[in-house]
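Undergrad: The structure follows.
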Amino acid sequence: MKIMRPGRSVDWTKEKIAGLTTPDVRQLRVNAERLNAPDIMERCDAVLSERRKAASAKSRSARLSRAVEKDLKAGSAA
């Protein structure tokens with residue numbers, strides 16, 4: 001007798017994963033690793049990587065804006 005594992009009940013597309021919160025994506029990745037689902041792990045990694053890049057760019061933009069603001073204030077005070 002052959003033991004069959006249950007099939008996945010959810011088709012985890014990249015779009016569906018991107019709709020999750022970051023902690024949920026991390027948990028999904030942990031679960032995928034535990035269940036030996038490398039395709040889902042790769043999609044989770046891609047979503048997390050894109051979020052890190054976006055957060056880094058947003059942070060960089062905010063720093064630049066503050067620096068420009070500071071320069072403008074310093075210039076108008078002179």
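Identifiers in this document derive from the order of the structure tokens: chains are assigned A, B, ..., residues are numbered from 1 separately in each chain, and ligands are numbered from 1 in order of occurrence.
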Skipping near chain neighbours, those fewer than 5 positions away, what residues fall within 8 Å of range 46-60 of chain A using only C-alpha atoms, listed as a list of chain:residue names?

TA: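 The residues that qualify are A:Lys14, A:Ile17, A:Ala18, A:Thr22, A:Val25, A:Arg26.
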
Undergrad: Tell me, which residues of chain A carry DSSP helix (DSSP H, G or I), written as an mmCIF file with N, CA and C atoms, in the first residue's frame?

TA:
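Dumped to selection-v8.cif:
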```
data_model
loop_
_atom_site.group_PDB
_atom_site.id
_atom_site.type_symbol
_atom_site.label_atom_id
_atom_site.label_comp_id
_atom_site.auth_asym_id
_atom_site.auth_seq_id
_atom_site.Cartn_x
_atom_site.Cartn_y
_atom_site.Cartn_z
ATOM 1 N N LYS A 14 3.176 34.028 -6.964
ATOM 2 C CA LYS A 14 3.957 35.151 -6.452
ATOM 3 C C LYS A 14 3.034 36.311 -6.073
ATOM 4 N N GLU A 15 1.990 36.524 -6.843
ATOM 5 C CA GLU A 15 1.051 37.608 -6.563
ATOM 6 C C GLU A 15 0.313 37.378 -5.249
ATOM 7 N N LYS A 16 -0.069 36.129 -5.014
ATOM 8 C CA LYS A 16 -0.782 35.804 -3.780
ATOM 9 C C LYS A 16 0.157 35.978 -2.576
ATOM 10 N N ILE A 17 1.404 35.563 -2.726
ATOM 11 C CA ILE A 17 2.389 35.715 -1.650
ATOM 12 C C ILE A 17 2.656 37.191 -1.393
ATOM 13 N N ALA A 18 2.738 37.984 -2.452
ATOM 14 C CA ALA A 18 2.991 39.427 -2.312
ATOM 15 C C ALA A 18 1.863 40.121 -1.561
ATOM 16 N N THR A 22 4.633 40.859 5.630
ATOM 17 C CA THR A 22 5.994 40.323 5.669
ATOM 18 C C THR A 22 6.137 39.184 6.683
ATOM 19 N N PRO A 23 5.610 39.317 7.901
ATOM 20 C CA PRO A 23 5.716 38.174 8.824
ATOM 21 C C PRO A 23 5.027 36.912 8.285
ATOM 22 N N ASP A 24 3.915 37.086 7.585
ATOM 23 C CA ASP A 24 3.220 35.931 7.011
ATOM 24 C C ASP A 24 4.030 35.298 5.881
ATOM 25 N N VAL A 25 4.710 36.118 5.084
ATOM 26 C CA VAL A 25 5.559 35.580 4.014
ATOM 27 C C VAL A 25 6.708 34.785 4.636
ATOM 28 N N ARG A 26 7.296 35.319 5.700
ATOM 29 C CA ARG A 26 8.382 34.595 6.380
ATOM 30 C C ARG A 26 7.883 33.252 6.927
ATOM 31 N N GLN A 27 6.688 33.250 7.520
ATOM 32 C CA GLN A 27 6.134 32.006 8.061
ATOM 33 C C GLN A 27 5.818 31.016 6.948
ATOM 34 N N LEU A 28 5.289 31.509 5.842
ATOM 35 C CA LEU A 28 5.006 30.639 4.700
ATOM 36 C C LEU A 28 6.300 30.003 4.205
ATOM 37 N N ARG A 29 7.381 30.778 4.181
ATOM 38 C CA ARG A 29 8.661 30.246 3.737
ATOM 39 C C ARG A 29 9.143 29.144 4.677
ATOM 40 N N VAL A 30 9.011 29.359 5.981
ATOM 41 C CA VAL A 30 9.393 28.342 6.963
ATOM 42 C C VAL A 30 8.581 27.071 6.739
ATOM 43 N N ASN A 31 7.281 27.237 6.538
ATOM 44 C CA ASN A 31 6.417 26.077 6.308
ATOM 45 C C ASN A 31 6.783 25.366 5.006
ATOM 46 N N ALA A 32 7.071 26.129 3.972
ATOM 47 C CA ALA A 32 7.448 25.533 2.689
ATOM 48 C C ALA A 32 8.752 24.745 2.817
ATOM 49 N N GLU A 33 9.678 25.287 3.593
ATOM 50 C CA GLU A 33 10.945 24.574 3.802
ATOM 51 C C GLU A 33 10.689 23.263 4.558
ATOM 52 N N ARG A 34 9.860 23.331 5.578
ATOM 53 C CA ARG A 34 9.537 22.143 6.371
ATOM 54 C C ARG A 34 8.851 21.080 5.512
ATOM 55 N N PRO A 38 10.387 23.653 -2.558
ATOM 56 C CA PRO A 38 11.360 24.674 -2.978
ATOM 57 C C PRO A 38 10.781 25.751 -3.892
ATOM 58 N N ASP A 39 9.776 25.423 -4.686
ATOM 59 C CA ASP A 39 9.184 26.424 -5.577
ATOM 60 C C ASP A 39 8.523 27.544 -4.771
ATOM 61 N N ILE A 40 7.841 27.189 -3.702
ATOM 62 C CA ILE A 40 7.206 28.204 -2.858
ATOM 63 C C ILE A 40 8.271 28.982 -2.090
ATOM 64 N N MET A 41 9.321 28.289 -1.635
ATOM 65 C CA MET A 41 10.413 28.966 -0.939
ATOM 66 C C MET A 41 11.039 30.043 -1.834
ATOM 67 N N GLU A 42 11.259 29.707 -3.100
ATOM 68 C CA GLU A 42 11.851 30.666 -4.045
ATOM 69 C C GLU A 42 10.950 31.878 -4.245
ATOM 70 N N ARG A 43 9.652 31.646 -4.352
ATOM 71 C CA ARG A 43 8.718 32.768 -4.518
ATOM 72 C C ARG A 43 8.712 33.657 -3.281
ATOM 73 N N CYS A 44 8.737 33.042 -2.107
ATOM 74 C CA CYS A 44 8.793 33.826 -0.862
ATOM 75 C C CYS A 44 10.068 34.652 -0.821
ATOM 76 N N ASP A 45 11.193 34.028 -1.174
ATOM 77 C CA ASP A 45 12.477 34.741 -1.181
ATOM 78 C C ASP A 45 12.440 35.924 -2.141
ATOM 79 N N ALA A 46 11.816 35.730 -3.305
ATOM 80 C CA ALA A 46 11.733 36.808 -4.285
ATOM 81 C C ALA A 46 10.904 37.975 -3.740
ATOM 82 N N VAL A 47 9.775 37.675 -3.112
ATOM 83 C CA VAL A 47 8.920 38.726 -2.549
ATOM 84 C C VAL A 47 9.656 39.464 -1.436
ATOM 85 N N LEU A 48 10.309 38.719 -0.548
ATOM 86 C CA LEU A 48 11.042 39.351 0.556
ATOM 87 C C LEU A 48 12.188 40.207 0.037
ATOM 88 N N SER A 49 12.870 39.737 -0.990
ATOM 89 C CA SER A 49 13.969 40.497 -1.583
ATOM 90 C C SER A 49 13.470 41.806 -2.192
ATOM 91 N N GLU A 50 12.351 41.737 -2.904
ATOM 92 C CA GLU A 50 11.778 42.954 -3.496
ATOM 93 C C GLU A 50 11.373 43.943 -2.409
ATOM 94 N N ARG A 51 10.842 43.443 -1.313
ATOM 95 C CA ARG A 51 10.435 44.331 -0.213
ATOM 96 C C ARG A 51 11.647 44.992 0.433
ATOM 97 N N ARG A 52 12.739 44.244 0.579
ATOM 98 C CA ARG A 52 13.954 44.837 1.155
ATOM 99 C C ARG A 52 14.492 45.931 0.244
ATOM 100 N N LYS A 53 14.489 45.679 -1.059
ATOM 101 C CA LYS A 53 14.974 46.685 -2.016
ATOM 102 C C LYS A 53 14.097 47.933 -1.971
ATOM 103 N N ALA A 54 12.788 47.737 -1.919
ATOM 104 C CA ALA A 54 11.862 48.871 -1.885
ATOM 105 C C ALA A 54 12.040 49.662 -0.597
ATOM 106 N N ALA A 55 12.211 48.976 0.521
ATOM 107 C CA ALA A 55 12.402 49.651 1.805
ATOM 108 C C ALA A 55 13.714 50.422 1.809
ATOM 109 N N SER A 56 14.744 49.844 1.213
ATOM 110 C CA SER A 56 16.042 50.499 1.143
ATOM 111 C C SER A 56 15.955 51.763 0.290
ATOM 112 N N ALA A 57 15.277 51.675 -0.840
ATOM 113 C CA ALA A 57 15.133 52.835 -1.723
ATOM 114 C C ALA A 57 14.305 53.922 -1.038
ATOM 115 N N LYS A 58 13.266 53.524 -0.329
ATOM 116 C CA LYS A 58 12.422 54.489 0.379
ATOM 117 C C LYS A 58 13.226 55.190 1.471
ATOM 118 N N SER A 59 14.032 54.438 2.189
ATOM 119 C CA SER A 59 14.856 54.991 3.252
ATOM 120 C C SER A 59 15.891 55.966 2.669
ATOM 121 N N ARG A 60 16.497 55.568 1.560
ATOM 122 C CA ARG A 60 17.491 56.416 0.899
ATOM 123 C C ARG A 60 16.845 57.717 0.439
ATOM 124 N N SER A 61 15.657 57.625 -0.115
ATOM 125 C CA SER A 61 14.935 58.809 -0.582
ATOM 126 C C SER A 61 14.600 59.737 0.578
ATOM 127 N N ALA A 62 14.188 59.177 1.692
ATOM 128 C CA ALA A 62 13.855 59.989 2.866
ATOM 129 C C ALA A 62 15.091 60.698 3.399
ATOM 130 N N ARG A 63 16.225 60.005 3.418
ATOM 131 C CA ARG A 63 17.472 60.626 3.885
ATOM 132 C C ARG A 63 17.864 61.786 2.979
ATOM 133 N N LEU A 64 17.737 61.588 1.671
ATOM 134 C CA LEU A 64 18.082 62.648 0.724
ATOM 135 C C LEU A 64 17.157 63.847 0.893
ATOM 136 N N SER A 65 15.875 63.591 1.084
ATOM 137 C CA SER A 65 14.912 64.683 1.273
ATOM 138 C C SER A 65 15.253 65.495 2.515
ATOM 139 N N ARG A 66 15.594 64.809 3.594
ATOM 140 C CA ARG A 66 15.957 65.518 4.826
ATOM 141 C C ARG A 66 17.232 66.335 4.631
ATOM 142 N N ALA A 67 18.191 65.795 3.879
ATOM 143 C CA ALA A 67 19.448 66.503 3.639
ATOM 144 C C ALA A 67 19.193 67.765 2.810
ATOM 145 N N VAL A 68 18.343 67.653 1.796
ATOM 146 C CA VAL A 68 18.019 68.805 0.954
ATOM 147 C C VAL A 68 17.288 69.854 1.777
ATOM 148 N N GLU A 69 16.338 69.404 2.592
ATOM 149 C CA GLU A 69 15.603 70.321 3.457
ATOM 150 C C GLU A 69 16.547 71.068 4.393
ATOM 151 N N LYS A 70 17.476 70.343 4.957
ATOM 152 C CA LYS A 70 18.448 70.927 5.881
ATOM 153 C C LYS A 70 19.301 71.964 5.154
ATOM 154 N N ASP A 71 19.746 71.645 3.933
ATOM 155 C CA ASP A 71 20.544 72.585 3.148
ATOM 156 C C ASP A 71 19.752 73.836 2.800
ATOM 157 N N LEU A 72 18.476 73.668 2.455
ATOM 158 C CA LEU A 72 17.634 74.809 2.132
ATOM 159 C C LEU A 72 17.452 75.711 3.333
ATOM 160 N N LYS A 73 17.229 75.124 4.499
ATOM 161 C CA LYS A 73 17.071 75.912 5.719
ATOM 162 C C LYS A 73 18.368 76.646 6.059
ATOM 163 N N ALA A 74 19.481 75.976 5.890
ATOM 164 C CA ALA A 74 20.771 76.589 6.190
ATOM 165 C C ALA A 74 21.052 77.727 5.219
ATOM 166 N N GLY A 75 20.654 77.552 3.954
ATOM 167 C CA GLY A 75 20.874 78.585 2.944
ATOM 168 C C GLY A 75 20.007 79.813 3.167
ATOM 169 N N SER A 76 18.785 79.597 3.638
ATOM 170 C CA SER A 76 17.887 80.735 3.843
ATOM 171 C C SER A 76 18.236 81.480 5.134
ATOM 172 N N ALA A 77 18.912 80.831 6.044
ATOM 173 C CA ALA A 77 19.303 81.470 7.300
ATOM 174 C C ALA A 77 20.546 82.332 7.119
#
```
